[in-house]
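Worksheet for the structure shown next.
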Amino acid sequence: MANRAERQMTPIEVLATQFGGPDTGVFTDGSCDPNPGPGGWGWVWVEQGEILAEGHGRNPDTTNNRMELQALIEAFKQLPADRDLVAYSDSQLCVKTINEWAIGWEKRGWKRKGGPIKNLELVQELYALAQAKPQIELRWIRAHEGTRWNEYADALASLAIT
């Protein structure tokens with residue numbers, strides 16, 4: 001079986017072949033190959049199909065979940081504080097962490113009933129950014145279903161690994 005870099009579309013290929021999903025929002029993704037191992041993150045902000053900003057980066061020794069969180073962190077850092085926006089992640093774990101679980105963990109001194117919170121420093125950073133920019137709504141989006149901008153963010157993340 002080919003490795004991820006060999007079978008992954010580039011951002012240009014995504015734009016040429018993928019047309020589904022919302023055409024406005026902030027789309028984020030993180031990946032790792034293998035997991036754990038080298039990882040990458042990517043994000044893109046689009047309005048009516050036009051790219052306003054994007055970013056990507058890598059970490060030589062990480063996990064997929066850390067890269068998903070890092071993609072959201074980097075996007076939130078760049079987004080304006082005075083705009084109503086929707087940020088999409090294909091990580092249900094990240095979306096539920098920020099939208100549902102983090103409020104309780106914070107109230108309990110960043111503890112959870114089931115044991116330690118994994119990737120706590122990233123969770124705390126993202127939660128603080130989300131609290132500082134409450135007009136940005138974080139939503140889950142299904143991965144690998146031809147959603148143009150989610151696929152584009154995935155391609156940015158994968159490109160960063162190589």
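Residue names in the structure tokens use chain letters A, B, ... in the order shown, residue numbers from 1 in each chain, and ligand numbers from 1 in the order shown.
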
- Give the alpha helix (DSSP H) residues of chain A, as DSSP finds them on the backbone, and put them as a VMD selection string. chain A and resid 4 to 7 11 to 17 64 to 78 92 to 96 102 to 107 120 to 132 148 to 161

Same residues, C-alpha atoms, saved as an mmCIF file, in the first residue's frame:
```cif
data_model
loop_
_atom_site.group_PDB
_atom_site.id
_atom_site.type_symbol
_atom_site.label_atom_id
_atom_site.label_comp_id
_atom_site.auth_asym_id
_atom_site.auth_seq_id
_atom_site.Cartn_x
_atom_site.Cartn_y
_atom_site.Cartn_z
ATOM 1 C CA ARG A 4 -0.254 8.900 2.487
ATOM 2 C CA ALA A 5 1.937 11.356 0.579
ATOM 3 C CA GLU A 6 1.811 9.152 -2.539
ATOM 4 C CA ARG A 7 -2.000 8.899 -2.632
ATOM 5 C CA PRO A 11 -4.301 21.598 -2.992
ATOM 6 C CA ILE A 12 -4.315 22.410 -6.733
ATOM 7 C CA GLU A 13 -5.741 18.971 -7.562
ATOM 8 C CA VAL A 14 -8.440 19.434 -4.921
ATOM 9 C CA LEU A 15 -9.510 22.726 -6.506
ATOM 10 C CA ALA A 16 -9.673 21.055 -9.929
ATOM 11 C CA THR A 17 -11.718 18.033 -8.840
ATOM 12 C CA ASN A 64 -3.232 13.106 14.622
ATOM 13 C CA ASN A 65 -5.286 14.599 17.462
ATOM 14 C CA ARG A 66 -2.557 17.109 18.280
ATOM 15 C CA MET A 67 -2.437 18.196 14.641
ATOM 16 C CA GLU A 68 -6.244 18.566 14.500
ATOM 17 C CA LEU A 69 -6.082 20.817 17.572
ATOM 18 C CA GLN A 70 -3.099 22.754 16.203
ATOM 19 C CA ALA A 71 -4.920 23.441 12.923
ATOM 20 C CA LEU A 72 -7.820 24.971 14.836
ATOM 21 C CA ILE A 73 -5.483 26.972 17.075
ATOM 22 C CA GLU A 74 -3.593 28.424 14.127
ATOM 23 C CA ALA A 75 -6.827 29.310 12.309
ATOM 24 C CA PHE A 76 -8.395 30.943 15.384
ATOM 25 C CA LYS A 77 -5.223 33.000 15.917
ATOM 26 C CA GLN A 78 -5.523 34.472 12.419
ATOM 27 C CA GLN A 92 -15.572 15.147 16.289
ATOM 28 C CA LEU A 93 -13.186 14.884 19.237
ATOM 29 C CA CYS A 94 -12.000 18.477 18.765
ATOM 30 C CA VAL A 95 -15.478 19.875 18.207
ATOM 31 C CA LYS A 96 -16.970 18.103 21.225
ATOM 32 C CA ALA A 102 -14.025 21.958 28.107
ATOM 33 C CA ILE A 103 -16.452 24.112 30.088
ATOM 34 C CA GLY A 104 -16.842 21.375 32.705
ATOM 35 C CA TRP A 105 -13.167 20.549 32.740
ATOM 36 C CA GLU A 106 -12.327 24.202 33.357
ATOM 37 C CA LYS A 107 -14.830 24.373 36.226
ATOM 38 C CA LEU A 120 -4.242 19.560 27.804
ATOM 39 C CA GLU A 121 -2.039 22.495 26.800
ATOM 40 C CA LEU A 122 -3.508 22.520 23.279
ATOM 41 C CA VAL A 123 -7.066 22.108 24.570
ATOM 42 C CA GLN A 124 -6.588 25.029 26.965
ATOM 43 C CA GLU A 125 -5.089 27.225 24.237
ATOM 44 C CA LEU A 126 -7.874 26.477 21.768
ATOM 45 C CA TYR A 127 -10.582 26.879 24.404
ATOM 46 C CA ALA A 128 -9.180 30.294 25.392
ATOM 47 C CA LEU A 129 -9.121 31.381 21.741
ATOM 48 C CA ALA A 130 -12.693 30.158 21.221
ATOM 49 C CA GLN A 131 -13.837 32.025 24.345
ATOM 50 C CA ALA A 132 -12.102 35.199 23.159
ATOM 51 C CA ARG A 148 -14.002 21.011 -1.437
ATOM 52 C CA TRP A 149 -12.578 23.141 1.342
ATOM 53 C CA ASN A 150 -12.284 20.333 3.883
ATOM 54 C CA GLU A 151 -10.349 18.349 1.272
ATOM 55 C CA TYR A 152 -8.231 21.437 0.618
ATOM 56 C CA ALA A 153 -7.363 21.768 4.320
ATOM 57 C CA ASP A 154 -6.538 18.037 4.356
ATOM 58 C CA ALA A 155 -4.238 18.521 1.360
ATOM 59 C CA LEU A 156 -2.479 21.424 3.139
ATOM 60 C CA ALA A 157 -1.963 19.254 6.222
ATOM 61 C CA SER A 158 -0.649 16.355 4.172
ATOM 62 C CA LEU A 159 1.614 18.639 2.146
ATOM 63 C CA ALA A 160 3.143 19.899 5.397
ATOM 64 C CA ILE A 161 4.137 16.365 6.397
#
```

| said: So that I can see what lies close to A:Pro22, please list as a VMD selection string the residues with an atom at most 12 Å from it, counting only C-alpha atoms and leaving out residues fewer than 4 positions away in the same chain. | reply: chain A and resid 18 26 to 27 45 to 50 86 to 88 141 to 142 146 to 151

Skipping near chain neighbours, those fewer than 4 positions away, what residues fall within 10 Å of A:Thr62 using only C-alpha atoms, listed as a VMD selection string?
chain A and resid 31 to 40 58 66 to 67

Given the selection you just returned, output its residues as a file containing all heavy atoms, formatted as a CSV table (one decimal), in the first residue's frame.
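Once written, result-v8.csv looks like this:
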```csv
chain,number,residue,atom,x,y,z
A,31,SER,N,-3.2,15.9,10.3
A,31,SER,CA,-2.9,14.5,9.9
A,31,SER,C,-1.5,14.1,10.4
A,31,SER,O,-0.7,14.9,10.7
A,31,SER,CB,-3.0,14.3,8.4
A,31,SER,OG,-2.1,15.0,7.7
A,32,CYS,N,-1.4,12.8,10.5
A,32,CYS,CA,-0.2,12.2,11.0
A,32,CYS,C,0.0,10.9,10.2
A,32,CYS,O,-0.9,10.1,10.0
A,32,CYS,CB,-0.3,11.9,12.4
A,32,CYS,SG,1.1,12.0,13.4
A,33,ASP,N,1.2,10.6,9.7
A,33,ASP,CA,1.5,9.4,9.0
A,33,ASP,C,2.9,8.9,9.2
A,33,ASP,O,3.8,9.5,8.7
A,33,ASP,CB,1.3,9.6,7.5
A,33,ASP,CG,1.3,8.3,6.7
A,33,ASP,OD1,1.0,7.2,7.3
A,33,ASP,OD2,1.6,8.4,5.5
A,34,PRO,N,3.1,7.8,10.0
A,34,PRO,CA,2.1,7.1,10.8
A,34,PRO,C,1.6,7.9,12.0
A,34,PRO,O,2.2,8.9,12.3
A,34,PRO,CB,2.8,5.8,11.2
A,34,PRO,CG,4.2,6.2,11.3
A,34,PRO,CD,4.4,7.3,10.3
A,35,ASN,N,0.7,7.3,12.7
A,35,ASN,CA,0.2,8.0,13.9
A,35,ASN,C,0.5,7.1,15.2
A,35,ASN,O,0.0,6.0,15.3
A,35,ASN,CB,-1.3,8.2,13.8
A,35,ASN,CG,-1.9,9.0,14.9
A,35,ASN,OD1,-1.3,9.8,15.6
A,35,ASN,ND2,-3.2,8.8,15.2
A,36,PRO,N,1.4,7.6,16.1
A,36,PRO,CA,2.1,8.8,16.1
A,36,PRO,C,3.3,8.8,15.0
A,36,PRO,O,3.7,7.7,14.6
A,36,PRO,CB,2.6,9.0,17.5
A,36,PRO,CG,2.7,7.6,18.0
A,36,PRO,CD,1.6,6.8,17.3
A,37,GLY,N,3.7,10.0,14.7
A,37,GLY,CA,4.8,10.1,13.8
A,37,GLY,C,4.9,11.6,13.3
A,37,GLY,O,4.4,12.5,14.0
A,38,PRO,N,5.4,11.8,12.1
A,38,PRO,CA,5.4,13.1,11.5
A,38,PRO,C,4.0,13.6,11.2
A,38,PRO,O,3.2,12.8,10.7
A,38,PRO,CB,6.3,13.0,10.3
A,38,PRO,CG,6.7,11.6,10.1
A,38,PRO,CD,6.1,10.8,11.3
A,39,GLY,N,3.7,14.8,11.5
A,39,GLY,CA,2.3,15.3,11.3
A,39,GLY,C,2.3,16.7,10.7
A,39,GLY,O,3.3,17.4,10.7
A,40,GLY,N,1.1,17.0,10.2
A,40,GLY,CA,0.9,18.3,9.6
A,40,GLY,C,-0.5,18.8,9.9
A,40,GLY,O,-1.4,18.1,10.2
A,58,ARG,N,4.1,21.9,10.3
A,58,ARG,CA,4.4,20.5,10.6
A,58,ARG,C,5.0,20.3,11.9
A,58,ARG,O,5.5,21.3,12.5
A,58,ARG,CB,5.3,19.9,9.5
A,58,ARG,CG,6.7,20.4,9.6
A,58,ARG,CD,7.6,19.8,8.4
A,58,ARG,NE,7.5,18.3,8.3
A,58,ARG,CZ,8.3,17.4,8.9
A,58,ARG,NH1,9.2,17.8,9.7
A,58,ARG,NH2,8.1,16.2,8.7
A,66,ARG,N,-3.3,15.9,18.0
A,66,ARG,CA,-2.6,17.1,18.3
A,66,ARG,C,-2.6,18.0,17.0
A,66,ARG,O,-2.7,19.2,17.1
A,66,ARG,CB,-1.1,16.8,18.7
A,66,ARG,CG,-1.1,16.2,20.1
A,66,ARG,CD,0.4,16.0,20.6
A,66,ARG,NE,1.0,17.3,20.9
A,66,ARG,CZ,0.9,18.1,21.9
A,66,ARG,NH1,0.1,17.7,22.9
A,66,ARG,NH2,1.5,19.2,22.1
A,67,MET,N,-2.4,17.4,15.9
A,67,MET,CA,-2.4,18.2,14.6
A,67,MET,C,-3.8,18.8,14.3
A,67,MET,O,-3.9,19.9,13.8
A,67,MET,CB,-1.9,17.4,13.5
A,67,MET,CG,-0.4,17.0,13.6
A,67,MET,SD,0.7,18.4,13.5
A,67,MET,CE,0.8,19.0,15.2
```

DSSP on the backbone, then: every residue of chain A marked strand (DSSP E or B), written as a tab-separated table (two decimals) with C-alpha atoms, in the first residue's frame.
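Saved the output as selection.tsv:
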```tsv
chain	number	residue	atom	x	y	z
A	20	GLY	CA	-19.13	19.91	-2.82
A	25	GLY	CA	-16.12	29.30	6.27
A	26	VAL	CA	-12.85	28.30	7.85
A	27	PHE	CA	-11.81	24.70	7.25
A	28	THR	CA	-9.15	22.95	9.30
A	29	ASP	CA	-7.48	19.57	9.29
A	30	GLY	CA	-4.58	17.74	10.84
A	31	SER	CA	-2.92	14.49	9.91
A	32	CYS	CA	-0.17	12.17	10.95
A	37	GLY	CA	4.83	10.14	13.79
A	38	PRO	CA	5.42	13.12	11.53
A	39	GLY	CA	2.34	15.30	11.30
A	40	GLY	CA	0.94	18.33	9.58
A	41	TRP	CA	-1.88	20.80	10.01
A	42	GLY	CA	-3.67	23.08	7.58
A	43	TRP	CA	-6.45	25.65	7.49
A	44	VAL	CA	-8.14	27.78	4.88
A	45	TRP	CA	-10.57	30.69	5.18
A	46	VAL	CA	-12.87	31.10	2.20
A	47	GLU	CA	-15.78	33.37	1.40
A	50	GLU	CA	-12.49	32.72	-2.71
A	51	ILE	CA	-9.51	32.05	-0.45
A	52	LEU	CA	-8.93	34.92	1.98
A	53	ALA	CA	-6.15	33.28	4.01
A	54	GLU	CA	-4.55	29.91	4.65
A	55	GLY	CA	-1.77	28.34	6.65
A	56	HIS	CA	-0.05	25.05	7.28
A	57	GLY	CA	2.78	23.63	9.33
A	58	ARG	CA	4.37	20.46	10.57
A	59	ASN	CA	5.66	18.66	13.60
A	60	PRO	CA	8.21	15.86	13.21
A	61	ASP	CA	6.89	13.78	16.15
A	62	THR	CA	3.23	14.15	17.06
A	85	LEU	CA	-17.70	32.92	11.03
A	86	VAL	CA	-18.11	29.17	11.01
A	87	ALA	CA	-14.98	27.08	11.57
A	88	TYR	CA	-15.24	23.47	10.38
A	89	SER	CA	-13.24	20.51	11.68
A	112	ARG	CA	-12.08	15.11	33.98
A	115	GLY	CA	-8.56	10.57	34.06
A	136	ILE	CA	-16.79	31.98	15.59
A	137	GLU	CA	-18.98	28.89	15.65
A	138	LEU	CA	-17.14	25.56	15.63
A	139	ARG	CA	-18.92	22.82	13.66
A	140	TRP	CA	-18.12	19.26	12.67
A	147	THR	CA	-16.28	18.69	0.48
```

The distance between atom CA of A:Lys118 and atom CA of A:Trp101 is 12.6 Å

For A:Arg83, which residue among A:Ile117, A:Phe19, A:Trp110, A:Gln135 is the nearest when counting only C-alpha atoms?
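Ranked by minimum distance to A:Arg83, first place goes to A:Gln135.
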